[in-house]
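S.K.: I'd like to ask some things about the structure below.
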Amino acid sequence: MSSSTPLLAVDELSVAFHRRGAGETRAVDGVSFTLEEGRVTGLVGESGCGKSVTSLALMGLLPDRGVEVGGSAVMRLPEGEVDLLRLSRRRLRDLRGSQLAMIFQDPLSSLNPVVPIGRQVTEILKRHRGMRGSAARKEAADLLYRVGIPDPTRRLNEYPHQLSGGMRQRALIAMAVACKPRLMIADEPTTALDVTIQAQILELLKDLVTEEGTALLMITHDLGVVAGLCDDINVLYAGRAVETAPRRPLFADPTHPYTVGLLGSVPRLDAPRGEPLTPVRGSVNDNIAWTDGCAFAPRCDHYTMECLQGPPPLVRTGDGTHIHRCVNPIDHADVVDQTVLESPAVVGEDEEERE
Amino acid sequence: MPTTPSSQSDEKIPFHQRKAAKVDRLAELMGDRGDDGHGAGIWREAFARMRRSPMAITGAVIVAVFIVVALFSPLIAPYSPTSQAWGNEVFPNRNEFVGPRGENWLGLDHLGRDMFSRMVIGARQTLMVGVVATLVGFLFGALLGGTAGACSVLGGRWGRQVDNVVMRVIDMMLALPTLLLAVTVAALVGPSLTTVMLAVGIAQIPIFARLLRGAMISQGNREYVLAAQAMGVRKRKIALTHILPNSMGPVIVQSTLTLATAIIDAAALSYLGLGNPDANFPEWGTMLSEAQRFLSSAPSLAVYPALGIIITALGFTLLGESLREALDPKLRK
Amino acid sequence: MLRFIVRRLLQLIPTLGGLSILLFVWLQRLPGGPEYALLPDDATDEQRQALRRSLGLDEPLMVQYLSFLRRILQGDLGTSLQTSRPVMDEFFLRFPATFELGVTAMIIAVTIGLPLGYLAARKRGGVLDFAAVGGSLLGICTPVFFLAFILKVVFAEGLGLFPSAFRLSPGLGRTDITGFFVLDGVMTREWDVVWDALAHLILPGLALASIPLAVITRMTRASVLEVMGEDYVRTANAKGLHRTTVRTRHVLRNALLPVVTAMGLLAGSLFAGAVLTESVFAFPGIGSFVYVATQERDYPVLTGFILLIATMYVFINLLVDISYSLLDPRVRAQ
């Protein structure tokens with residue numbers, strides 16, 4: 001296996017929810033990205049853009065019924081490549097926790113309230129590393145210590161409600177890293193925490209990535225987190241990636257109006273006093289179907305008639321740093337030339353996957 | 001999807017109209033999606049959901065039929081429910097009963113009275129027992145629970161004391177099982193239909209009281225109460241105009257469910273001999289307990305009123321449960 | 001833990017005290033007062049006066065109440081009008097029968113209700129779910145005494161599968177140790193007695209179990225459904241734990257908490273149900289005794305029964321609270 005193939009290649013991932021009485025809702029509508037060992041990839045967008053659903057689909061944690069997952073997510077494992085979306089449930093269970101791990105948003109509700117922290121850590125050691133009894137407890141204490149929980153032996157017997165918010169998130173991270181997974185997904189891991197704790201948790205995640213060479217998929221709406229942690233960034237809007245670029249080009253020369261809007265919504269210290277913020281108007285609910293045109297058009301200042309005639313194509317900018325999905329991108333001198341990567345027709349009528 | 005207007009046609013549109021054209025097109029595309037109920041009140045939303053639920057529809061149909069029969073029973077019943085016109089055809093001690101026939105659709109009871117007429121008139125009595133008992137439970141329970149809830153929300157040492165005392169009373173009433181509370185009341189005032197209604201109603205008081213108090217306290221902890229207070233609205237006014245109306249959901253659900261419980265409990269009281277001794281006004285519970293004696297020889301005498309009770313209670317329960325589900329904020333998304 | 005129990009015990013005092021006042025007032029309010037209840041209708045006024053004096057009814061209410069309270073605390077609930085024996089003795093005599101029946105009903109309700117509710121939640125929207133929900137609604141809506149009659153007519157009198165009345169077939173000799181027939185039978189290895197007593201318990205047990213069974217099934221289902229959607233279950237799945245581990249340690253462990261509370265309340269209401277069920281099956285327990293008492297207006301028995309039930313209810317709830325605090329560490333902390 002050459003190291004040039006990515007650790008995880010997500011291709012045209014789509015998730016549609018079917019509800020009785022209502023039609024289908026496409027939460028994720030053709031998202032592609034790759035993850036590399038030792039790198040942090042960000043999925044950025046407002047709530048409802050499909051970023052959490054993407055992560056749950058990769059983990060196989062979406063409900064069985066009423067959900068249709070399409071596309072592929074090929075992961076490189078020691079024993080060969082597997083498509084996470086097509087694995088048997090049993091096989092997926094073996095991978096979860098050992099090769100794939102996930103950290104959730106709300107640490108209190110994500111921990112079982114009636115089981116001691118120690119047991120919640122040791123159960124994963126027992127499951128995937130075959131550890132038993134005191135050995136498992138010792139390893140659990142080590143893990144808690146490594147994620148920065150003081151006095152870990154005492155903490156093992158405590159219940160989630162006895163821990164502070166930061167401690168709980170550290171405990172969840174300890175469970176996630178317990179089996180040294182190759183891939184870790186963090187779904188807004190710092191949203192529910194205080195700012196100072198946020199910084200500590202981000203620092204911890206960064207260290208884990210550099211020390212263990214884990215690939216981290218960081219899901220967030222917080223551009224501060226993105227700027228501080230992510231190497232590559234995918235901006236999602238209404239279930240599709242609208243712009244993909246490494247950190248620097250994305251922050252320096254955003255090409256998609258939505259990315260520009262996101263960046264413009266963040267207050268800047270170096271901006272002249274009195275300069276207004278430029279928020280994105282409207283809300284995620286003001287969208288149109290991708291098949292009709294650009295879903296962002298209703299909120300976009302630059303939309304034209306062309307934006308409303310079928311899905312915009314996915315194009316790569318001239319300097320190759322950005323990939324975006326926009327008919328009227330924001331012009332930067334060096335990124336104007338474009339190559340079309342994918343014609344609209346292919347994206348629009350992707351209905352082949354059925355389980 | 002018609003995607004005919006190409007970029008060329010766009011060019012032909014005069015410049016000053018282009019902006020309008022794209023705005024129109026956008027409005028057209030966004031208008032495709034139906035109104036997803038934004039701004040509708042929770043009750044309207046709940047009813048919209050219930051219209052789609054087979055459980056709610058079944059319950060509503062049963063309840064509607066029951067109420068119509070009960071209201072118009074004197075018009076529907078072909079004979080007097082007390083007339084023993086066919087008394088010479090029925091001999092219970094010889095196990096001779098009359099089943100359904102053209103004249104008497106559901107046959108005759110053990111005294112030779114028309115079963116169908118008795119069932120129809122009985123529906124009216126049963127409805128009355130259910131409604132009055134529920135009203136008693138609802139009114140006094142809401143008064144008790146509302147006082148406790150309001151006092152607890154208004155706070156202060158005095159408020160907490162009142163709440164505490166009311167809660168102890170409710171605890172005490174809860175310690176008495178519904179049926180025995182009813183027996184107690186019935187034993188105190190003697191058997192009659194009023195007794196049954198009062199007894200069953202009183203037994204429901206603590207349930208209503210506790211529900212309303214709990215809902216009010218949880219509403220009282222919401223941020224909007226704090227916000228209203230911050231804007232200088234008096235607490236007493238907040239309790240009356242915001243907290244109380246917002247807490248009525250579970251109480252209204254419980255009322256629907258109580259209608260079912262009341263009908264069943266009333267039947268049990270009749271069985272215990274505490275029910276309506278007045279044979280002029282048949283009530284399903286009384287009919288059922290009277291007919292128990294003939295269960296092996298003439299099961300239909302018991303089965304009709306029993307089915308009446310079960311189906312009606314089921315109707316109210318289905319309605320109440322689906323209302324509860326429709327109002328549940330966890331299921332509402 | 002001990003402090004918690006003591007605090008809860010102290011909270012019982014106002015509840016039980018208030019209840020005793022209620023009962024006292026009730027007895028005072030009886031038509032004509034207690035002396036009418038205790039004496040035959042044709043008693044003379046002198047007899048009534050004498051009884052009033054001997055009962056202390058001419059004393060101030062407060063004194064009367066205190067002596068009423070003292071008698072209750074000494075276990076004196078008065079004398080039954082039907083049997084002219086102390087109510088307490090009558091209850092003690094019949095308690096094992098009712099307790100045995102109640103336990104049977106609770107076992108039936110729990111062993112069927114918990115798995116049924118759990119499976120219904122797991123297969124939500126399926127045939128089993130529909131049957132479980134429909135069946136439990138039907139169970140709640142069917143008058144208990146009617147169900148008891150139907151069971152008796154169909155399974156005892158019709159099909160002859162089970163005996164239709166009493167605790168034991170006539171003529172079957174048994175050794176009495178505790179008054180609990182099944183327990184005694186096991187202890188003395190009189191297996192025929194065990195089987196016979198069990199056969200007598202099945203039908204009344206089923207009738208009595210109908211409401212707790214329905215409630216437990218529905219509560220378990222709702223609770224499991226709620227817990228299955230919790231974040232920590234998703235975490236457990238994300239950890240790749242075996243399905244059985246997720247289901248037992250993470251789903252069931254949490255889902256059973258509210259069911260435990262409900263079971264306590266249900267156990268209290270079993271006594272009321274016993275009045276209806278036992279009378280149908282001529283089961284010689286407290287229930288059928290009280291059934292006759294309601295017909296005969298045997299007030300001392302009724303008051304005694306209410307006091308007994310209220311006390312049981314209050315203590316069962318105490319037990320529920322304690323077990324809840326053992327099961328849920330969050331409650332323990334408060």
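Residues are referred to by chain and number: the chain letter is A, B, ... according to the order shown in the structure tokens, the number counts from 1 in that chain, and ligands are numbered separately from 1 in the order shown.
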Using only C-alpha atoms, I'd like a table of the residues in chain A that come within 8 Å of chain C; for each, show the closest atom pair and its distance in Å rounded to one decimal, ordered by chain and ascending number, as a tab-separated table.
M.R.:
residue	atom	partner	partner_atom	distance
A:Met59	CA	C:Ala238	CA	7.0
A:Leu61	CA	C:Arg234	CA	7.1
A:Leu92	CA	C:Gly240	CA	7.7
A:Arg93	CA	C:Gly240	CA	4.5
A:Asp94	CA	C:Gly240	CA	6.0
A:Leu95	CA	C:Gly240	CA	6.9
A:Arg96	CA	C:Gly240	CA	4.5
A:Gly97	CA	C:Lys239	CA	4.1
A:Ser98	CA	C:Gly240	CA	7.6
A:Ala101	CA	C:Ala238	CA	6.6
A:Met102	CA	C:Ala238	CA	6.4
A:Phe104	CA	C:Thr235	CA	7.7
A:Ser109	CA	C:Asp231	CA	5.5
A:Ser110	CA	C:Tyr232	CA	4.0
A:Leu111	CA	C:Tyr232	CA	4.9
A:Asn112	CA	C:Tyr232	CA	5.2
A:Pro113	CA	C:Arg330	CA	7.5
A:Val114	CA	C:Asp328	CA	5.7
A:Glu123	CA	C:Leu241	CA	7.6
A:Ile124	CA	C:Lys239	CA	6.3
A:Arg127	CA	C:Leu241	CA	6.3
A:Tyr159	CA	C:Pro329	CA	7.1
A:His161	CA	C:Arg330	CA	6.9
A:Met175	CA	C:Lys239	CA	7.7
A:Ala176	CA	C:Lys239	CA	7.4
S.K.: Quick one: residues within 8 Å of Ile316 (chain C), only C-alpha atoms, excluding same-chain residues fewer than 6 positions away - as a PyMOL selection string?
M.R.: chain C and resi 264-265+267-268
S.K.: Residues of chain A within 10 Å of chain B, counting only C-alpha atoms - could you list those as an mmCIF file with C-alpha atoms, in the first residue's frame?
M.R.:
data_model
loop_
_atom_site.group_PDB
_atom_site.id
_atom_site.type_symbol
_atom_site.label_atom_id
_atom_site.label_comp_id
_atom_site.auth_asym_id
_atom_site.auth_seq_id
_atom_site.Cartn_x
_atom_site.Cartn_y
_atom_site.Cartn_z
ATOM 1 C CA ARG A 20 -43.406 9.064 6.671
ATOM 2 C CA GLY A 21 -45.782 11.663 5.279
ATOM 3 C CA ASP A 286 -33.603 30.234 2.995
ATOM 4 C CA ASN A 287 -32.281 27.887 0.364
ATOM 5 C CA ILE A 288 -33.327 26.337 -2.887
ATOM 6 C CA ALA A 289 -32.756 22.799 -4.066
ATOM 7 C CA THR A 291 -30.856 20.756 -8.600
ATOM 8 C CA ASP A 292 -32.464 24.149 -9.304
ATOM 9 C CA GLY A 293 -29.377 26.215 -8.769
ATOM 10 C CA ALA A 295 -28.562 26.735 -2.680
ATOM 11 C CA ALA A 297 -28.241 32.119 -3.933
ATOM 12 C CA PRO A 298 -31.035 33.434 -1.688
ATOM 13 C CA TYR A 303 -26.098 35.845 -7.481
ATOM 14 C CA THR A 304 -27.109 36.169 -11.105
ATOM 15 C CA MET A 305 -29.556 34.402 -13.381
ATOM 16 C CA GLU A 306 -26.845 31.822 -14.107
ATOM 17 C CA CYS A 307 -26.834 30.794 -10.435
ATOM 18 C CA LEU A 308 -30.439 29.751 -10.738
ATOM 19 C CA GLN A 309 -30.076 27.478 -13.721
ATOM 20 C CA GLY A 310 -29.075 24.074 -12.445
#
S.K.: Pull out every residue of chain B sitting within 7 Å of chain C, counting only C-alpha atoms, and send them as number ranges by chain.
M.R.: B: 168, 171-172, 175-177, 179-180, 188, 264, 268, 272-273, 296, 310, 313-314
S.K.: For region 114-130 of chain B, work out the shell of residues within 8 Å, counting only C-alpha atoms and skipping chain neighbours fewer than 4 positions away, then give it as a ChimeraX atom specification.
M.R.: /B:66-67,69-71,73-74,76-84,104-109,134,193,196-197,258-260,262-263,266,281-285,301,304-305,308
S.K.: Would you export the selected residues with C-alpha atoms as a PDB file, in the first residue's frame, please?
M.R.:
ATOM      1  CA  PHE B  66     -70.152   8.056  21.777  1.00  0.00           C
ATOM      2  CA  ILE B  67     -70.942  11.715  22.378  1.00  0.00           C
ATOM      3  CA  VAL B  69     -75.254   8.742  20.868  1.00  0.00           C
ATOM      4  CA  ALA B  70     -75.180  10.078  24.418  1.00  0.00           C
ATOM      5  CA  LEU B  71     -76.551  13.500  23.493  1.00  0.00           C
ATOM      6  CA  SER B  73     -80.076   9.052  23.197  1.00  0.00           C
ATOM      7  CA  PRO B  74     -83.761   9.840  23.879  1.00  0.00           C
ATOM      8  CA  ILE B  76     -82.255   7.104  19.260  1.00  0.00           C
ATOM      9  CA  ALA B  77     -83.614   4.701  21.868  1.00  0.00           C
ATOM     10  CA  PRO B  78     -86.677   2.950  20.403  1.00  0.00           C
ATOM     11  CA  TYR B  79     -88.200   2.021  23.782  1.00  0.00           C
ATOM     12  CA  SER B  80     -88.138   3.174  27.359  1.00  0.00           C
ATOM     13  CA  PRO B  81     -85.071   1.730  29.081  1.00  0.00           C
ATOM     14  CA  THR B  82     -87.140   0.785  32.124  1.00  0.00           C
ATOM     15  CA  SER B  83     -90.179  -0.715  30.471  1.00  0.00           C
ATOM     16  CA  GLN B  84     -90.383  -4.409  31.240  1.00  0.00           C
ATOM     17  CA  ASN B 104     -85.021  -5.774  20.080  1.00  0.00           C
ATOM     18  CA  TRP B 105     -81.742  -5.316  18.259  1.00  0.00           C
ATOM     19  CA  LEU B 106     -79.595  -6.424  21.152  1.00  0.00           C
ATOM     20  CA  GLY B 107     -82.127  -8.711  22.789  1.00  0.00           C
ATOM     21  CA  LEU B 108     -83.609  -8.352  26.252  1.00  0.00           C
ATOM     22  CA  ASP B 109     -82.016  -8.115  29.667  1.00  0.00           C
ATOM     23  CA  THR B 134     -63.365  14.781  35.347  1.00  0.00           C
ATOM     24  CA  LEU B 193     -74.918   8.449  40.886  1.00  0.00           C
ATOM     25  CA  VAL B 196     -69.986   7.880  42.029  1.00  0.00           C
ATOM     26  CA  MET B 197     -69.250  11.112  40.192  1.00  0.00           C
ATOM     27  CA  THR B 258     -59.317  10.845  33.097  1.00  0.00           C
ATOM     28  CA  LEU B 259     -62.565  10.577  31.158  1.00  0.00           C
ATOM     29  CA  ALA B 260     -61.540   6.986  30.444  1.00  0.00           C
ATOM     30  CA  ALA B 262     -63.601   7.786  35.407  1.00  0.00           C
ATOM     31  CA  ILE B 263     -65.782   5.499  33.302  1.00  0.00           C
ATOM     32  CA  ALA B 266     -67.384   4.176  38.006  1.00  0.00           C
ATOM     33  CA  PHE B 281     -81.353   5.463  34.587  1.00  0.00           C
ATOM     34  CA  PRO B 282     -79.210   2.587  33.468  1.00  0.00           C
ATOM     35  CA  GLU B 283     -75.502   3.230  33.529  1.00  0.00           C
ATOM     36  CA  TRP B 284     -73.054   0.847  31.852  1.00  0.00           C
ATOM     37  CA  GLY B 285     -71.207   0.078  35.084  1.00  0.00           C
ATOM     38  CA  LEU B 301     -75.963  -9.180  28.899  1.00  0.00           C
ATOM     39  CA  TYR B 304     -72.619  -5.302  25.688  1.00  0.00           C
ATOM     40  CA  PRO B 305     -72.054  -2.884  28.574  1.00  0.00           C
ATOM     41  CA  GLY B 308     -69.371  -0.142  25.705  1.00  0.00           C
TER      42      GLY B 308
END
S.K.: Among region 78-326 of chain B, which ones does DSSP assign to helix (DSSP H, G or I) (computed from the backbone)? Answer as an MDAnalysis selection string.
M.R.: chainID B and resid 87:89 92:94 115:154 156:175 178:189 193:220 223:230 235:271 284:294 299:326
S.K.: List every residue of region 290-334 of chain C that has an atom at most 7 Å from any atom of region 76-88 of chain C, and for each one report the closest atom pair and its distance in Å to one decimal, counting only C-alpha atoms, with rows sorted by chain and then by increasing residue number, as a tab-separated table.
M.R.:
residue	atom	partner	partner_atom	distance
C:Asp298	CA	C:Leu81	CA	5.6
C:Pro300	CA	C:Gly78	CA	5.8
C:Val301	CA	C:Ser80	CA	5.8
C:Gly304	CA	C:Leu77	CA	5.5
